[in-house]
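*Asks:* Just so it is clear, I am handing over work.cif, which has mmCIF, C-alpha atoms.
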```
data_entry
loop_
_atom_site.group_PDB
_atom_site.id
_atom_site.type_symbol
_atom_site.label_atom_id
_atom_site.label_comp_id
_atom_site.auth_asym_id
_atom_site.auth_seq_id
_atom_site.Cartn_x
_atom_site.Cartn_y
_atom_site.Cartn_z
ATOM 1 C CA TYR A 1144 -128.312 45.306 -58.994
ATOM 2 C CA LYS A 1145 -125.058 46.845 -57.778
ATOM 3 C CA ILE A 1146 -125.309 49.566 -55.162
ATOM 4 C CA PRO A 1147 -123.247 52.759 -55.612
ATOM 5 C CA VAL A 1148 -120.774 51.940 -52.861
ATOM 6 C CA MET A 1149 -119.578 48.934 -54.851
ATOM 7 C CA HIS A 1150 -119.124 51.031 -57.977
ATOM 8 C CA ALA A 1151 -117.118 53.510 -55.909
ATOM 9 C CA PHE A 1152 -114.958 50.764 -54.416
ATOM 10 C CA ASP A 1153 -114.334 49.299 -57.877
ATOM 11 C CA ARG A 1154 -113.090 52.690 -59.059
ATOM 12 C CA LEU A 1155 -110.758 52.933 -56.078
ATOM 13 C CA SER A 1156 -109.418 49.423 -56.674
ATOM 14 C CA GLU A 1157 -108.524 50.281 -60.256
ATOM 15 C CA ARG A 1158 -106.194 53.074 -59.092
ATOM 16 C CA GLY A 1159 -103.832 50.825 -57.160
ATOM 17 C CA PRO A 1160 -102.865 51.068 -53.466
ATOM 18 C CA LEU A 1161 -103.840 54.319 -51.754
ATOM 19 C CA LEU A 1162 -100.929 55.008 -49.413
ATOM 20 C CA ASP A 1163 -101.607 58.624 -48.454
ATOM 21 C CA GLY A 1164 -104.516 60.093 -46.550
ATOM 22 C CA PRO A 1165 -105.553 62.099 -43.498
ATOM 23 C CA ALA A 1166 -104.469 60.928 -40.057
ATOM 24 C CA GLN A 1167 -107.535 62.447 -38.365
ATOM 25 C CA GLN A 1168 -110.592 60.597 -39.675
ATOM 26 C CA HIS A 1169 -114.190 61.552 -38.966
ATOM 27 C CA TYR A 1170 -116.782 59.006 -37.923
ATOM 28 C CA LEU A 1171 -119.381 61.752 -38.335
ATOM 29 C CA SER A 1172 -118.884 63.503 -41.664
ATOM 30 C CA ARG A 1173 -117.381 66.972 -41.403
ATOM 31 C CA PHE A 1174 -119.882 68.550 -43.807
ATOM 32 C CA TYR A 1175 -122.675 66.854 -41.836
ATOM 33 C CA LEU A 1176 -121.444 68.452 -38.604
ATOM 34 C CA GLU A 1177 -121.383 71.825 -40.354
ATOM 35 C CA GLY A 1178 -125.159 71.536 -40.622
ATOM 36 C CA PHE A 1179 -125.332 71.813 -36.827
ATOM 37 C CA ALA A 1180 -122.770 74.611 -36.454
ATOM 38 C CA GLN A 1181 -123.327 78.168 -35.328
ATOM 39 C CA ASN A 1182 -120.623 80.684 -36.117
ATOM 40 C CA ARG A 1183 -118.665 77.774 -37.643
ATOM 41 C CA ARG A 1184 -118.498 75.906 -34.336
ATOM 42 C CA VAL A 1185 -120.462 73.044 -32.810
ATOM 43 C CA ALA A 1186 -121.241 72.559 -29.129
ATOM 44 C CA VAL A 1187 -119.971 69.197 -27.875
ATOM 45 C CA TYR A 1188 -121.190 67.627 -24.644
ATOM 46 C CA ASP A 1189 -118.730 65.236 -23.008
ATOM 47 C CA ARG A 1190 -120.713 62.578 -21.148
ATOM 48 C CA THR A 1191 -117.723 61.486 -19.062
ATOM 49 C CA THR A 1192 -116.809 64.947 -17.751
ATOM 50 C CA ASP A 1193 -120.265 66.568 -17.965
ATOM 51 C CA VAL A 1194 -118.676 69.527 -19.753
ATOM 52 C CA VAL A 1195 -119.896 71.388 -22.846
ATOM 53 C CA ASP A 1196 -117.268 72.835 -25.159
ATOM 54 C CA THR A 1197 -117.320 74.375 -28.631
ATOM 55 C CA VAL A 1198 -115.042 73.191 -31.418
ATOM 56 C CA THR A 1199 -114.865 73.482 -35.183
ATOM 57 C CA PRO A 1200 -116.448 70.641 -37.197
ATOM 58 C CA LYS A 1201 -112.946 69.734 -38.373
ATOM 59 C CA LYS A 1202 -111.969 68.777 -34.823
ATOM 60 C CA ALA A 1203 -115.226 67.127 -33.756
ATOM 61 C CA ALA A 1204 -115.999 63.394 -33.972
ATOM 62 C CA ALA A 1205 -112.571 62.466 -35.354
ATOM 63 C CA ILE A 1206 -110.110 59.761 -34.282
ATOM 64 C CA GLU A 1207 -106.558 59.294 -35.478
ATOM 65 C CA HIS A 1208 -106.300 56.548 -38.139
ATOM 66 C CA PHE A 1209 -109.727 55.173 -37.206
ATOM 67 C CA TYR A 1210 -110.136 53.608 -40.657
ATOM 68 C CA THR A 1211 -106.542 53.277 -41.796
ATOM 69 C CA PHE A 1212 -105.600 49.620 -42.173
ATOM 70 C CA ILE A 1213 -102.271 47.843 -42.532
ATOM 71 C CA ASP A 1214 -101.846 45.574 -45.552
ATOM 72 C CA GLU A 1215 -99.748 42.428 -45.966
ATOM 73 C CA SER A 1216 -96.734 44.564 -46.886
ATOM 74 C CA ASP A 1217 -97.053 46.482 -43.589
ATOM 75 C CA ARG A 1218 -98.185 49.660 -45.393
ATOM 76 C CA GLN A 1219 -100.836 52.091 -44.204
ATOM 77 C CA ARG A 1220 -103.816 52.072 -46.578
ATOM 78 C CA PHE A 1221 -106.478 54.747 -46.889
ATOM 79 C CA GLU A 1222 -109.045 53.163 -49.220
ATOM 80 C CA LEU A 1223 -111.801 53.107 -46.605
ATOM 81 C CA GLU A 1224 -111.437 56.796 -45.814
ATOM 82 C CA ALA A 1225 -111.415 57.568 -49.556
ATOM 83 C CA LEU A 1226 -114.526 55.445 -50.090
ATOM 84 C CA PHE A 1227 -116.367 57.326 -47.361
ATOM 85 C CA GLY A 1228 -115.333 60.563 -49.042
ATOM 86 C CA ILE A 1229 -116.844 59.474 -52.371
ATOM 87 C CA ILE A 1230 -120.161 58.616 -50.725
ATOM 88 C CA GLU A 1231 -120.145 61.827 -48.693
ATOM 89 C CA SER A 1232 -119.550 63.938 -51.777
ATOM 90 C CA ARG A 1233 -122.599 62.566 -53.585
ATOM 91 C CA ALA A 1234 -124.791 62.243 -50.504
ATOM 92 C CA GLY A 1235 -124.110 65.872 -49.621
ATOM 93 C CA THR A 1236 -126.140 66.991 -52.626
ATOM 94 C CA ALA A 1237 -129.066 64.769 -51.624
ATOM 95 C CA LEU A 1238 -128.916 65.930 -48.016
ATOM 96 C CA LYS A 1239 -129.003 69.587 -49.040
ATOM 97 C CA SER A 1240 -131.974 68.898 -51.314
ATOM 98 C CA ALA A 1241 -133.872 67.318 -48.438
ATOM 99 C CA VAL A 1242 -133.097 70.216 -46.117
ATOM 100 C CA ARG A 1243 -134.223 72.698 -48.801
ATOM 101 C CA ARG A 1244 -137.447 70.693 -49.357
ATOM 102 C CA SER A 1245 -136.509 69.857 -52.938
ATOM 103 C CA PRO A 1246 -137.581 66.546 -54.550
ATOM 104 C CA LEU A 1247 -135.150 63.627 -54.334
ATOM 105 C CA SER A 1248 -134.240 61.499 -57.337
ATOM 106 C CA PHE A 1249 -133.836 57.720 -57.236
ATOM 107 C CA GLU A 1250 -130.066 58.224 -57.095
ATOM 108 C CA ASP A 1251 -130.452 60.771 -54.284
ATOM 109 C CA ARG A 1252 -132.298 58.151 -52.238
ATOM 110 C CA GLU A 1253 -129.581 55.580 -52.924
ATOM 111 C CA TYR A 1254 -126.802 57.806 -51.697
ATOM 112 C CA LEU A 1255 -128.778 59.153 -48.766
ATOM 113 C CA ALA A 1256 -129.507 55.573 -47.659
ATOM 114 C CA LEU A 1257 -125.797 54.787 -47.916
ATOM 115 C CA PHE A 1258 -124.952 57.940 -45.988
ATOM 116 C CA VAL A 1259 -127.362 57.216 -43.140
ATOM 117 C CA ALA A 1260 -126.239 53.575 -42.995
ATOM 118 C CA MET A 1261 -122.624 54.730 -42.945
ATOM 119 C CA HIS A 1262 -123.350 56.770 -39.823
ATOM 120 C CA ALA A 1263 -124.987 53.746 -38.244
ATOM 121 C CA ILE A 1264 -122.050 51.363 -38.723
ATOM 122 C CA ARG A 1265 -118.824 53.395 -38.594
ATOM 123 C CA THR A 1266 -119.067 55.027 -35.151
ATOM 124 C CA PRO A 1267 -117.078 53.881 -32.097
ATOM 125 C CA ALA A 1268 -120.306 52.617 -30.518
ATOM 126 C CA ALA A 1269 -121.081 50.543 -33.620
ATOM 127 C CA HIS A 1270 -117.606 49.027 -33.497
ATOM 128 C CA GLU A 1271 -118.026 48.130 -29.836
ATOM 129 C CA GLU A 1272 -121.389 46.545 -30.562
ATOM 130 C CA ALA A 1273 -119.858 44.508 -33.398
ATOM 131 C CA ARG A 1274 -117.025 43.463 -31.078
ATOM 132 C CA SER A 1275 -119.482 42.402 -28.369
ATOM 133 C CA VAL A 1276 -121.587 40.361 -30.799
ATOM 134 C CA ARG A 1277 -118.498 38.638 -32.206
ATOM 135 C CA GLU A 1278 -117.118 37.885 -28.733
ATOM 136 C CA LYS A 1279 -120.423 36.404 -27.573
ATOM 137 C CA ALA A 1280 -120.683 34.284 -30.723
ATOM 138 C CA GLU A 1281 -117.126 32.961 -30.320
ATOM 139 C CA HIS A 1282 -117.766 32.298 -26.639
ATOM 140 C CA ALA A 1283 -120.873 30.266 -27.469
ATOM 141 C CA ARG A 1284 -119.054 28.410 -30.251
ATOM 142 C CA LEU A 1285 -116.241 27.359 -27.914
ATOM 143 C CA LYS A 1286 -118.727 26.194 -25.277
ATOM 144 C CA LEU A 1287 -120.417 24.008 -27.891
ATOM 145 C CA THR A 1288 -117.129 22.712 -29.294
ATOM 146 C CA VAL A 1289 -115.712 21.769 -25.867
ATOM 147 C CA SER A 1290 -118.907 20.351 -24.405
ATOM 148 C CA SER A 1291 -117.182 17.438 -22.646
ATOM 149 C CA GLU A 1292 -113.752 16.069 -21.776
ATOM 150 C CA ALA A 1293 -114.119 13.697 -24.691
ATOM 151 C CA ALA A 1294 -114.691 16.613 -27.077
ATOM 152 C CA ALA A 1295 -111.682 18.430 -25.621
ATOM 153 C CA TYR A 1296 -109.567 15.277 -25.999
ATOM 154 C CA LYS A 1297 -110.565 14.908 -29.658
ATOM 155 C CA LEU A 1298 -109.725 18.549 -30.330
ATOM 156 C CA LEU A 1299 -106.327 18.276 -28.665
ATOM 157 C CA LYS A 1300 -105.441 14.991 -30.298
ATOM 158 C CA GLY A 1301 -105.821 16.617 -33.701
ATOM 159 C CA SER A 1302 -103.689 19.624 -32.822
ATOM 160 C CA LYS A 1303 -100.912 18.360 -30.553
ATOM 161 C CA PRO A 1304 -97.669 16.709 -31.802
ATOM 162 C CA ALA A 1305 -98.037 13.011 -32.655
ATOM 163 C CA ASP A 1306 -95.647 11.965 -29.880
ATOM 164 C CA THR A 1307 -97.761 13.563 -27.097
ATOM 165 C CA SER A 1308 -98.496 10.860 -24.548
ATOM 166 C CA GLU A 1309 -102.003 9.591 -23.864
ATOM 167 C CA ALA A 1310 -101.718 10.647 -20.221
ATOM 168 C CA GLU A 1311 -100.713 14.184 -21.225
ATOM 169 C CA LEU A 1312 -103.601 14.462 -23.670
ATOM 170 C CA ARG A 1313 -106.044 13.329 -20.999
ATOM 171 C CA ARG A 1314 -104.622 15.799 -18.496
ATOM 172 C CA LEU A 1315 -104.834 18.697 -20.958
ATOM 173 C CA ALA A 1316 -108.365 17.688 -22.007
ATOM 174 C CA ALA A 1317 -109.503 17.780 -18.369
ATOM 175 C CA GLN A 1318 -107.940 21.202 -17.917
ATOM 176 C CA MET A 1319 -109.499 22.547 -21.098
ATOM 177 C CA PHE A 1320 -112.958 21.264 -20.226
ATOM 178 C CA GLU A 1321 -112.715 22.713 -16.706
ATOM 179 C CA MET A 1322 -111.656 26.090 -18.137
ATOM 180 C CA VAL A 1323 -114.459 26.201 -20.719
ATOM 181 C CA SER A 1324 -117.255 24.766 -18.607
ATOM 182 C CA GLY A 1325 -116.364 27.084 -15.737
ATOM 183 C CA ASP A 1326 -116.159 30.158 -18.018
ATOM 184 C CA HIS A 1327 -112.556 30.733 -16.952
ATOM 185 C CA PHE A 1328 -111.635 32.317 -20.257
ATOM 186 C CA ARG A 1329 -112.235 35.483 -22.221
ATOM 187 C CA ILE A 1330 -112.647 36.021 -25.960
ATOM 188 C CA VAL A 1331 -110.897 39.174 -27.225
ATOM 189 C CA VAL A 1332 -111.752 40.490 -30.694
ATOM 190 C CA PRO A 1333 -109.056 42.845 -32.103
ATOM 191 C CA ASP A 1334 -109.953 46.350 -33.289
ATOM 192 C CA GLU A 1335 -109.407 45.377 -36.939
ATOM 193 C CA ALA A 1336 -111.822 42.451 -36.682
ATOM 194 C CA ALA A 1337 -114.458 44.562 -34.926
ATOM 195 C CA ARG A 1338 -114.136 47.233 -37.616
ATOM 196 C CA ALA A 1339 -114.456 44.648 -40.389
ATOM 197 C CA ALA A 1340 -117.505 43.053 -38.749
ATOM 198 C CA SER A 1341 -119.214 46.428 -38.454
ATOM 199 C CA LEU A 1342 -118.425 47.477 -42.024
ATOM 200 C CA LYS A 1343 -119.767 44.200 -43.430
ATOM 201 C CA THR A 1344 -123.242 45.308 -42.373
ATOM 202 C CA TRP A 1345 -123.114 48.509 -44.454
ATOM 203 C CA ASP A 1346 -124.696 46.972 -47.533
ATOM 204 C CA THR A 1347 -127.444 45.235 -45.536
ATOM 205 C CA VAL A 1348 -128.353 48.325 -43.517
ATOM 206 C CA SER A 1349 -128.337 50.653 -46.544
ATOM 207 C CA ARG A 1350 -130.620 48.310 -48.511
ATOM 208 C CA ALA A 1351 -133.018 48.075 -45.561
ATOM 209 C CA LEU A 1352 -133.128 51.869 -45.299
ATOM 210 C CA PHE A 1353 -133.554 52.393 -49.041
ATOM 211 C CA GLU A 1354 -136.642 50.142 -49.069
ATOM 212 C CA ARG A 1355 -138.370 52.168 -46.356
ATOM 213 C CA ASP A 1356 -140.709 55.125 -46.778
ATOM 214 C CA TRP A 1357 -139.040 58.358 -45.705
ATOM 215 C CA THR A 1358 -140.594 61.450 -44.191
ATOM 216 C CA PHE A 1359 -138.620 64.670 -43.738
ATOM 217 C CA VAL A 1360 -139.706 66.564 -40.654
ATOM 218 C CA HIS A 1361 -138.763 70.241 -40.559
ATOM 219 C CA ALA A 1362 -138.386 71.852 -37.139
ATOM 220 C CA PRO A 1363 -140.808 74.680 -36.343
ATOM 221 C CA THR A 1364 -139.433 78.179 -36.012
ATOM 222 C CA GLY A 1365 -137.530 78.558 -32.769
ATOM 223 C CA SER A 1366 -136.776 74.838 -32.448
ATOM 224 C CA GLU A 1367 -133.706 72.871 -33.560
ATOM 225 C CA TYR A 1368 -132.582 69.286 -33.823
ATOM 226 C CA ILE A 1369 -129.346 68.042 -32.301
ATOM 227 C CA THR A 1370 -127.130 65.117 -33.269
ATOM 228 C CA SER A 1371 -124.785 62.803 -31.366
ATOM 229 C CA ASP A 1372 -121.864 60.429 -31.789
ATOM 230 C CA SER A 1373 -124.461 57.723 -32.534
ATOM 231 C CA PRO A 1374 -126.813 59.749 -34.725
ATOM 232 C CA VAL A 1375 -128.954 56.957 -36.204
ATOM 233 C CA VAL A 1376 -131.729 56.040 -33.770
ATOM 234 C CA LEU A 1377 -133.886 52.911 -33.872
ATOM 235 C CA SER A 1378 -137.216 53.451 -32.136
ATOM 236 C CA PRO A 1379 -139.976 50.825 -31.742
ATOM 237 C CA LEU A 1380 -143.558 51.593 -32.615
ATOM 238 C CA PHE A 1381 -146.033 51.899 -29.772
ATOM 239 C CA ASN A 1382 -146.724 48.644 -27.945
ATOM 240 C CA THR A 1383 -143.890 46.756 -29.703
ATOM 241 C CA GLU A 1384 -141.140 47.554 -27.205
ATOM 242 C CA HIS A 1385 -140.907 43.854 -26.237
ATOM 243 C CA LEU A 1386 -139.965 42.742 -29.766
ATOM 244 C CA PRO A 1387 -136.386 42.468 -31.118
ATOM 245 C CA LEU A 1388 -135.404 45.620 -32.968
ATOM 246 C CA GLY A 1389 -133.313 46.044 -36.120
ATOM 247 C CA TYR A 1390 -133.094 48.041 -39.324
ATOM 248 C CA GLY A 1391 -135.238 45.472 -41.117
ATOM 249 C CA SER A 1392 -137.909 45.327 -38.405
ATOM 250 C CA LEU A 1393 -141.423 46.135 -39.537
ATOM 251 C CA HIS A 1394 -142.140 47.759 -36.189
ATOM 252 C CA ALA A 1395 -139.148 50.134 -36.182
ATOM 253 C CA HIS A 1396 -138.818 53.829 -36.876
ATOM 254 C CA VAL A 1397 -135.360 54.883 -38.023
ATOM 255 C CA LEU A 1398 -134.589 58.490 -37.150
ATOM 256 C CA PHE A 1399 -131.635 60.548 -38.358
ATOM 257 C CA PRO A 1400 -131.196 64.312 -37.937
ATOM 258 C CA LEU A 1401 -129.976 65.740 -41.256
ATOM 259 C CA SER A 1402 -129.303 69.227 -39.906
ATOM 260 C CA ARG A 1403 -130.411 71.656 -37.224
ATOM 261 C CA THR A 1404 -133.653 72.141 -39.145
ATOM 262 C CA THR A 1405 -134.467 68.758 -40.704
ATOM 263 C CA LEU A 1406 -134.966 65.192 -39.481
ATOM 264 C CA THR A 1407 -135.675 62.084 -41.534
ATOM 265 C CA VAL A 1408 -137.971 59.363 -40.211
ATOM 266 C CA SER A 1409 -138.195 56.117 -42.155
ATOM 267 C CA ILE A 1410 -140.740 53.364 -41.644
ATOM 268 C CA LYS A 1411 -141.809 50.208 -43.441
ATOM 269 C CA ALA A 1412 -144.397 50.985 -46.115
ATOM 270 C CA TRP A 1413 -146.998 48.483 -44.911
ATOM 271 C CA HIS A 1414 -147.807 50.676 -41.916
ATOM 272 C CA TYR A 1415 -149.447 53.159 -44.295
ATOM 273 C CA THR A 1416 -151.775 50.638 -45.948
#
```
Represent the structure contained in this file as structure tokens.
*Replies:*
Amino acid sequence: YKIPVMHAFDRLSERGPLLDGPAQQHYLSRFYLEGFAQNRRVAVYDRTTDVVDTVTPKKAAAIEHFYTFIDESDRQRFELEALFGIIESRAGTALKSAVRRSPLSFEDREYLALFVAMHAIRTPAAHEEARSVREKAEHARLKLTVSSEAAAYKLLKGSKPADTSEAELRRLAAQMFEMVSGDHFRIVVPDEAARAASLKTWDTVSRALFERDWTFVHAPTGSEYITSDSPVVLSPLFNTEHLPLGYGSLHAHVLFPLSRTTLTVSIKAWHYT
């Protein structure tokens, strides 16, 4: 089974390099933000300044060249932004159907799952989480690799020039072991690697969401939902707060506001049996 995002990426690949695209790139879809607008503007709360401002959806939740990448020929490439656009175009129809209380087709569910997953993994917060996980993993790997002076010596002997003296190798091995064992080092994951690590989870998260049971909750008259720069919320079921939480967890609710009037809540099917 091949999910729609792969079909879309295949179509993009067949066209050749995509060298033109928008500089300002949304991490929350523009049409999605329009679902929370009043008079074509959205209210934005800045957590750092404690100020509320109103802007157009075009200017909200966008970062310059957030998903533009540089290829081996040092060219700017816009395939990722174009891929998001393809998914957004199809998911927009499904989202509107859900908001209007119309039935969803199998394909609607596929694209809506991709759309929700996309908003879980392409935000700045998701990138920072991916960076943190990668840095911690690399930190742990180095600690295991350089677990003794002997291990450091073996590592250096295989990487240093053949004419490096035994005394120099021993000195460097002692320094390396002291640095690693004393945590006198820092792992830094570049933006591109953090972005790639986050995007690699898209397929996994979308499949996990697709397999869940979804409920669309419509706000009562006089009430509205809001969204945020991390709009996909994982919430544990009652009395399971102590358990690890992820998109595949049996004890997790996944909440995502679709618009000012509609929220989707997804849960593993076994809770209904």
*Asks:* Taking the file as shown, what set of residues would the PyMOL selection byres ((chain A and resi 1287-1302) around 7) give back, as a PyMOL selection string?
*Replies:* chain A and resi 1283-1286+1303-1304+1312-1313+1316-1317+1319-1320+1323
*Asks:* Of the candidates A:Gln1168, A:Val1276, A:His1396, A:Ala1256, which one gets nearest to Thr1383 in chain A if we count all atoms listed in the file?
*Replies:*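 Closest candidate: A:His1396.
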*Asks:* Calculated over only C-alpha atoms, which of the candidates A:Ala1166, A:Val1185, A:Leu1238, A:Ala1336 has the smallest distance to Phe1209 in chain A?
*Replies:*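 Answer, going by the shortest atom-to-atom distance: A:Ala1166.
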*Asks:* Considering all atoms listed in the file, can you say which of A:Thr1307, A:Ala1203, A:Val1375, A:Arg1355 comes closest to Glu1177 in chain A?
*Replies:*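 Closest residue, counting all atoms listed in the file: A:Ala1203.
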*Asks:* Excluding same-chain residues fewer than 6 positions from Phe1221 in chain A, what lies within 6 Å of it counting all atoms listed in the file, as a list in words?
*Replies:*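 My reading of the contact set: Leu1161, Gly1164 and Thr1211 of chain A.
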*Asks:* Tell me, in Å to one decimal, how far CA of Ala1186 in chain A is from CA of Glu1272 in chain A.
*Replies:*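 For CA of Ala1186 in chain A relative to CA of Glu1272 in chain A, the distance reads 26.1 Å.
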*Asks:* Which residue out of A:Ser1349, A:Ser1216, A:Thr1197, A:Thr1370 has the minimum interatomic distance to Phe1258 in chain A when only C-alpha atoms are used?
*Replies:*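 With only C-alpha atoms as the atom set, the closest residue is A:Ser1349.
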*Asks:* With range 1385-1392 of chain A as the partner and 12 Å as the cut-off, tabulate the residues of range 1268-1376 of chain A that qualify, each row holding the nearest pair of atoms and their distance in Å to one decimal, using all atoms listed in the file, sorted by chain and rising number, as a Markdown table.
*Replies:*
```
| residue | atom | partner | partner_atom | distance |
| --- | --- | --- | --- | --- |
| A:Thr1344 | CA | A:Tyr1390 | CA | 10.7 |
| A:Trp1345 | CA | A:Tyr1390 | CA | 11.2 |
| A:Asp1346 | CA | A:Tyr1390 | CA | 11.8 |
| A:Thr1347 | CA | A:Tyr1390 | CA | 8.9 |
| A:Val1348 | CA | A:Tyr1390 | CA | 6.3 |
| A:Ser1349 | CA | A:Tyr1390 | CA | 9.0 |
| A:Arg1350 | CA | A:Gly1391 | CA | 9.2 |
| A:Ala1351 | CA | A:Gly1391 | CA | 5.6 |
| A:Leu1352 | CA | A:Tyr1390 | CA | 7.1 |
| A:Phe1353 | CA | A:Gly1391 | CA | 10.7 |
| A:Glu1354 | CA | A:Gly1391 | CA | 9.3 |
| A:Arg1355 | CA | A:Gly1391 | CA | 9.1 |
| A:Val1375 | CA | A:Tyr1390 | CA | 10.3 |
| A:Val1376 | CA | A:Tyr1390 | CA | 9.8 |
```
*Asks:* Give the answer as one residue: which of A:Tyr1368, A:Phe1359, A:Tyr1175, A:Phe1399 has the shortest atom-to-atom distance to Ser1245 in chain A, using only C-alpha atoms?
*Replies:*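 Counting only C-alpha atoms, the residue closest to Ser1245 in chain A is A:Phe1359.
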*Asks:* Give as number ranges by chain the residues that the PyMOL selection byres ((chain A and resi 1262) around 10) matches when applied to the coordinates above.
*Replies:* A: 1170-1172, 1257-1261, 1263-1266, 1269, 1345, 1372-1375, 1399
*Asks:* Quick one: which residues end up in the PyMOL selection byres ((chain A and resi 1183) around 10) for this structure, as a PDB file with C-alpha atoms, in the coordinates of the input?
*Replies:*
```
ATOM      1  CA  LEU A1176    -121.444  68.452 -38.604  1.00  0.00           C
ATOM      2  CA  GLU A1177    -121.383  71.825 -40.354  1.00  0.00           C
ATOM      3  CA  GLY A1178    -125.159  71.536 -40.622  1.00  0.00           C
ATOM      4  CA  PHE A1179    -125.332  71.813 -36.827  1.00  0.00           C
ATOM      5  CA  ALA A1180    -122.770  74.611 -36.454  1.00  0.00           C
ATOM      6  CA  GLN A1181    -123.327  78.168 -35.328  1.00  0.00           C
ATOM      7  CA  ASN A1182    -120.623  80.684 -36.117  1.00  0.00           C
ATOM      8  CA  ARG A1184    -118.498  75.906 -34.336  1.00  0.00           C
ATOM      9  CA  VAL A1185    -120.462  73.044 -32.810  1.00  0.00           C
ATOM     10  CA  THR A1197    -117.320  74.375 -28.631  1.00  0.00           C
ATOM     11  CA  VAL A1198    -115.042  73.191 -31.418  1.00  0.00           C
ATOM     12  CA  THR A1199    -114.865  73.482 -35.183  1.00  0.00           C
ATOM     13  CA  PRO A1200    -116.448  70.641 -37.197  1.00  0.00           C
ATOM     14  CA  LYS A1201    -112.946  69.734 -38.373  1.00  0.00           C
TER      15      LYS A1201
END
```
*Asks:* List as JSON, numbers by chain the protein and nucleic acid residues near range 1327-1333 of chain A, meaning an atom at most 8 Å away when all atoms listed in the file are counted, but skip any in the same chain fewer than 6 places from it.
*Replies:* {"A": [1274, 1277, 1278, 1279, 1281, 1282]}
*Asks:* Write a file of the selected residues as a PDB file, keeping the file's coordinate frame, keeping C-alpha atoms.
*Replies:*
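Contents of the output file part_10.pdb:
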```
ATOM      1  CA  ARG A1274    -117.025  43.463 -31.078  1.00  0.00           C
ATOM      2  CA  ARG A1277    -118.498  38.638 -32.206  1.00  0.00           C
ATOM      3  CA  GLU A1278    -117.118  37.885 -28.733  1.00  0.00           C
ATOM      4  CA  LYS A1279    -120.423  36.404 -27.573  1.00  0.00           C
ATOM      5  CA  GLU A1281    -117.126  32.961 -30.320  1.00  0.00           C
ATOM      6  CA  HIS A1282    -117.766  32.298 -26.639  1.00  0.00           C
TER       7      HIS A1282
END
```
*Asks:* When distances are computed from all atoms listed in the file, which of A:Leu1247, A:Ala1340, A:Ala1280, A:His1208 shows the smallest separation from Thr1358 in chain A?
*Replies:*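 Ranked by minimum distance to Thr1358 in chain A, first place goes to A:Leu1247.
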*Asks:* Edge lengths and centre in Å to one decimal, as JSON, of the axis-aligned box that encloses all listed atoms of range 1272-1283 of chain A with 3 Å added on every side?
*Replies:*
```
{"center_x": -119.3, "center_y": 38.4, "center_z": -30.0, "size_x": 10.6, "size_y": 22.3, "size_z": 12.8}
```
*Asks:* When you draw a straight line from CA of Ala1234 in chain A to CA of Arg1403 in chain A, how long is it in Å?
*Replies:*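 Computed distance, CA of Ala1234 in chain A to CA of Arg1403 in chain A, equals 17.2 Å.
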*Asks:* Near Leu1162 in chain A, counting all atoms listed in the file, which residues have an atom at most 8 Å away, once you skip same-chain residues fewer than 6 positions from it, shown as a JSON list (two decimals) with C-alpha atoms, in the coordinates of the input?
*Replies:*
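File written: part.json
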```json
[["chain", "number", "residue", "atom", "x", "y", "z"],
["A", 1218, "ARG", "CA", -98.18, 49.66, -45.39],
["A", 1219, "GLN", "CA", -100.84, 52.09, -44.20],
["A", 1220, "ARG", "CA", -103.82, 52.07, -46.58],
["A", 1221, "PHE", "CA", -106.48, 54.75, -46.89]]
```
*Asks:* Take CA of Asp1193 in chain A and CA of Arg1338 in chain A and report the distance between them in Å, one decimal.
*Replies:*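 We find that CA of Asp1193 in chain A and CA of Arg1338 in chain A lie 28.2 Å from each other.
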*Asks:* Could range 1257-1263 of chain A be completed with N, CA, C and O atoms and written as an mmCIF file, in the coordinates of the input, please?
*Replies:*
```cif
data_model
loop_
_atom_site.group_PDB
_atom_site.id
_atom_site.type_symbol
_atom_site.label_atom_id
_atom_site.label_comp_id
_atom_site.auth_asym_id
_atom_site.auth_seq_id
_atom_site.Cartn_x
_atom_site.Cartn_y
_atom_site.Cartn_z
ATOM 1 N N LEU A 1257 -127.185 55.165 -48.210
ATOM 2 C CA LEU A 1257 -125.797 54.787 -47.916
ATOM 3 C C LEU A 1257 -125.200 55.685 -46.845
ATOM 4 O O LEU A 1257 -124.462 55.227 -45.957
ATOM 5 N N PHE A 1258 -125.505 56.962 -46.928
ATOM 6 C CA PHE A 1258 -124.952 57.940 -45.988
ATOM 7 C C PHE A 1258 -125.483 57.692 -44.574
ATOM 8 O O PHE A 1258 -124.716 57.699 -43.602
ATOM 9 N N VAL A 1259 -126.784 57.480 -44.457
ATOM 10 C CA VAL A 1259 -127.362 57.216 -43.140
ATOM 11 C C VAL A 1259 -126.818 55.902 -42.586
ATOM 12 O O VAL A 1259 -126.428 55.814 -41.414
ATOM 13 N N ALA A 1260 -126.774 54.869 -43.437
ATOM 14 C CA ALA A 1260 -126.239 53.575 -42.995
ATOM 15 C C ALA A 1260 -124.788 53.703 -42.560
ATOM 16 O O ALA A 1260 -124.362 53.083 -41.580
ATOM 17 N N MET A 1261 -124.025 54.514 -43.285
ATOM 18 C CA MET A 1261 -122.624 54.730 -42.945
ATOM 19 C C MET A 1261 -122.491 55.293 -41.539
ATOM 20 O O MET A 1261 -121.584 54.929 -40.780
ATOM 21 N N HIS A 1262 -123.411 56.174 -41.156
ATOM 22 C CA HIS A 1262 -123.350 56.770 -39.823
ATOM 23 C C HIS A 1262 -123.940 55.855 -38.759
ATOM 24 O O HIS A 1262 -123.845 56.151 -37.557
ATOM 25 N N ALA A 1263 -124.521 54.755 -39.200
ATOM 26 C CA ALA A 1263 -124.987 53.746 -38.244
ATOM 27 C C ALA A 1263 -123.900 52.734 -37.928
ATOM 28 O O ALA A 1263 -123.858 52.190 -36.820
#
```
